[in-house]
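Student: This is the structure I want to talk about, given as structure tokens.
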Amino acid sequence: MTPPKTFGMTGSPTITFPAQGRPIVETLSVQVDVSPPGSKLEAFVNYKSGGKDVTLFVPLTYAYTNPGSNFDFYVAALSVSLYPDTGTSMAVSIYSPTGQGGTLFLTVSGQFA
């Protein structure tokens, strides 16, 4: 038996899985930003599993404010067991009722079954 192939991918804001091999996501991290500083912010990761749309809420931690860009930066790192469908995408999105989002980064790692 051949050991599973591991993977690590980063996208802004989307990652697309190849059409071969069943991805098993074991770690997920995000970095998102919002302006003006002090704005409320929540993040989600959206993907398909078993042909159904899944929205995963991602709890964020404030990291820092960049005074040069006037953005607050938030991060999250999670240990997960996610099973996105082969050949589909996974994307991070945000919602802020009080601000404007900036650049969104999503990083995942795991193995192909």
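In the structure tokens, each chain is lettered A, B, ... as it comes, each chain's residues begin at 1, and ligands are numbered from 1 in order of appearance.
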Would you tabulate, counting only C-alpha atoms, all residues of range 61-80 of chain A that have an atom at most 8 Å from an atom of range 29-44 of chain A, showing the closest pair of atoms and their distance in Å to one decimal, sorted by chain then ascending number, as a tab-separated table?

Tutor:
residue	atom	partner	partner_atom	distance
A:Thr65	CA	A:Pro37	CA	6.9
A:Asn70	CA	A:Pro36	CA	6.1
A:Phe71	CA	A:Ser35	CA	4.6
A:Asp72	CA	A:Pro37	CA	5.1
A:Phe73	CA	A:Asp33	CA	4.4
A:Tyr74	CA	A:Val32	CA	5.4
A:Val75	CA	A:Gln31	CA	4.5
A:Ala76	CA	A:Val30	CA	5.3
A:Ala77	CA	A:Ser29	CA	4.2
A:Leu78	CA	A:Ser29	CA	6.1

Student: Take the residues that were just selected and, keeping N, CA and C atoms, output them as a PDB file, in the first residue's frame.

Tutor:
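So the final result, stored in part.pdb, reads:
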ATOM      1  N   THR A  65      -2.671  46.119  14.211  1.00  0.00           N
ATOM      2  CA  THR A  65      -3.130  47.176  13.318  1.00  0.00           C
ATOM      3  C   THR A  65      -1.925  47.722  12.570  1.00  0.00           C
ATOM      4  N   ASN A  70      -3.884  51.409   7.611  1.00  0.00           N
ATOM      5  CA  ASN A  70      -5.112  51.652   8.365  1.00  0.00           C
ATOM      6  C   ASN A  70      -6.026  50.425   8.377  1.00  0.00           C
ATOM      7  N   PHE A  71      -5.416  49.222   8.430  1.00  0.00           N
ATOM      8  CA  PHE A  71      -6.159  47.969   8.497  1.00  0.00           C
ATOM      9  C   PHE A  71      -5.852  47.232   9.792  1.00  0.00           C
ATOM     10  N   ASP A  72      -6.875  46.621  10.389  1.00  0.00           N
ATOM     11  CA  ASP A  72      -6.708  45.648  11.465  1.00  0.00           C
ATOM     12  C   ASP A  72      -6.523  44.277  10.818  1.00  0.00           C
ATOM     13  N   PHE A  73      -5.581  43.491  11.335  1.00  0.00           N
ATOM     14  CA  PHE A  73      -5.344  42.139  10.831  1.00  0.00           C
ATOM     15  C   PHE A  73      -5.804  41.119  11.858  1.00  0.00           C
ATOM     16  N   TYR A  74      -6.469  40.082  11.378  1.00  0.00           N
ATOM     17  CA  TYR A  74      -6.973  38.993  12.204  1.00  0.00           C
ATOM     18  C   TYR A  74      -6.466  37.671  11.638  1.00  0.00           C
ATOM     19  N   VAL A  75      -6.268  36.694  12.525  1.00  0.00           N
ATOM     20  CA  VAL A  75      -5.770  35.385  12.109  1.00  0.00           C
ATOM     21  C   VAL A  75      -6.559  34.278  12.806  1.00  0.00           C
ATOM     22  N   ALA A  76      -6.460  33.085  12.234  1.00  0.00           N
ATOM     23  CA  ALA A  76      -7.024  31.883  12.850  1.00  0.00           C
ATOM     24  C   ALA A  76      -6.214  30.692  12.374  1.00  0.00           C
ATOM     25  N   ALA A  77      -6.036  29.711  13.242  1.00  0.00           N
ATOM     26  CA  ALA A  77      -5.391  28.449  12.890  1.00  0.00           C
ATOM     27  C   ALA A  77      -6.188  27.343  13.573  1.00  0.00           C
ATOM     28  N   LEU A  78      -6.671  26.400  12.773  1.00  0.00           N
ATOM     29  CA  LEU A  78      -7.544  25.353  13.301  1.00  0.00           C
ATOM     30  C   LEU A  78      -7.050  23.971  12.901  1.00  0.00           C
TER      31      LEU A  78
END

Student: Excluding same-chain residues fewer than 5 positions from Ser49 in chain A, what lies within 8 Å of it counting only C-alpha atoms, as a short mmCIF file (atom, residue, chain, number, x, y, z; two decimals) with N, CA, C and O atoms, in the first residue's frame?

Tutor:
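And here is the file that came out, result30.cif:
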data_model
loop_
_atom_site.label_atom_id
_atom_site.label_comp_id
_atom_site.auth_asym_id
_atom_site.auth_seq_id
_atom_site.Cartn_x
_atom_site.Cartn_y
_atom_site.Cartn_z
N VAL A 54 -21.14 23.78 2.17
CA VAL A 54 -20.83 23.85 3.60
C VAL A 54 -20.23 25.22 3.88
O VAL A 54 -19.37 25.70 3.14
N TYR A 83 -13.64 17.25 4.51
CA TYR A 83 -13.61 16.36 3.36
C TYR A 83 -14.22 17.04 2.14
O TYR A 83 -15.32 16.70 1.71
N PRO A 84 -13.52 18.01 1.56
CA PRO A 84 -14.06 18.68 0.37
C PRO A 84 -14.11 17.71 -0.81
O PRO A 84 -13.32 16.77 -0.89
N ASP A 85 -15.08 17.94 -1.68
CA ASP A 85 -15.22 17.10 -2.86
C ASP A 85 -14.02 17.29 -3.79
O ASP A 85 -13.47 18.39 -3.91
#

Student: Select, from A:Ser81, A:Gln20, A:Thr88, A:Thr27, the residue with the minimum atom-to-atom distance to Thr107 in chain A, counting only C-alpha atoms.

Tutor: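 The shortest atom-to-atom distance to Thr107 in chain A comes from A:Thr27.
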
Student: Residues at most 8 Å from Lys5 in chain A, counting only C-alpha atoms, excluding those fewer than 5 positions away in the same chain, as a count of residues only?

Tutor: 3
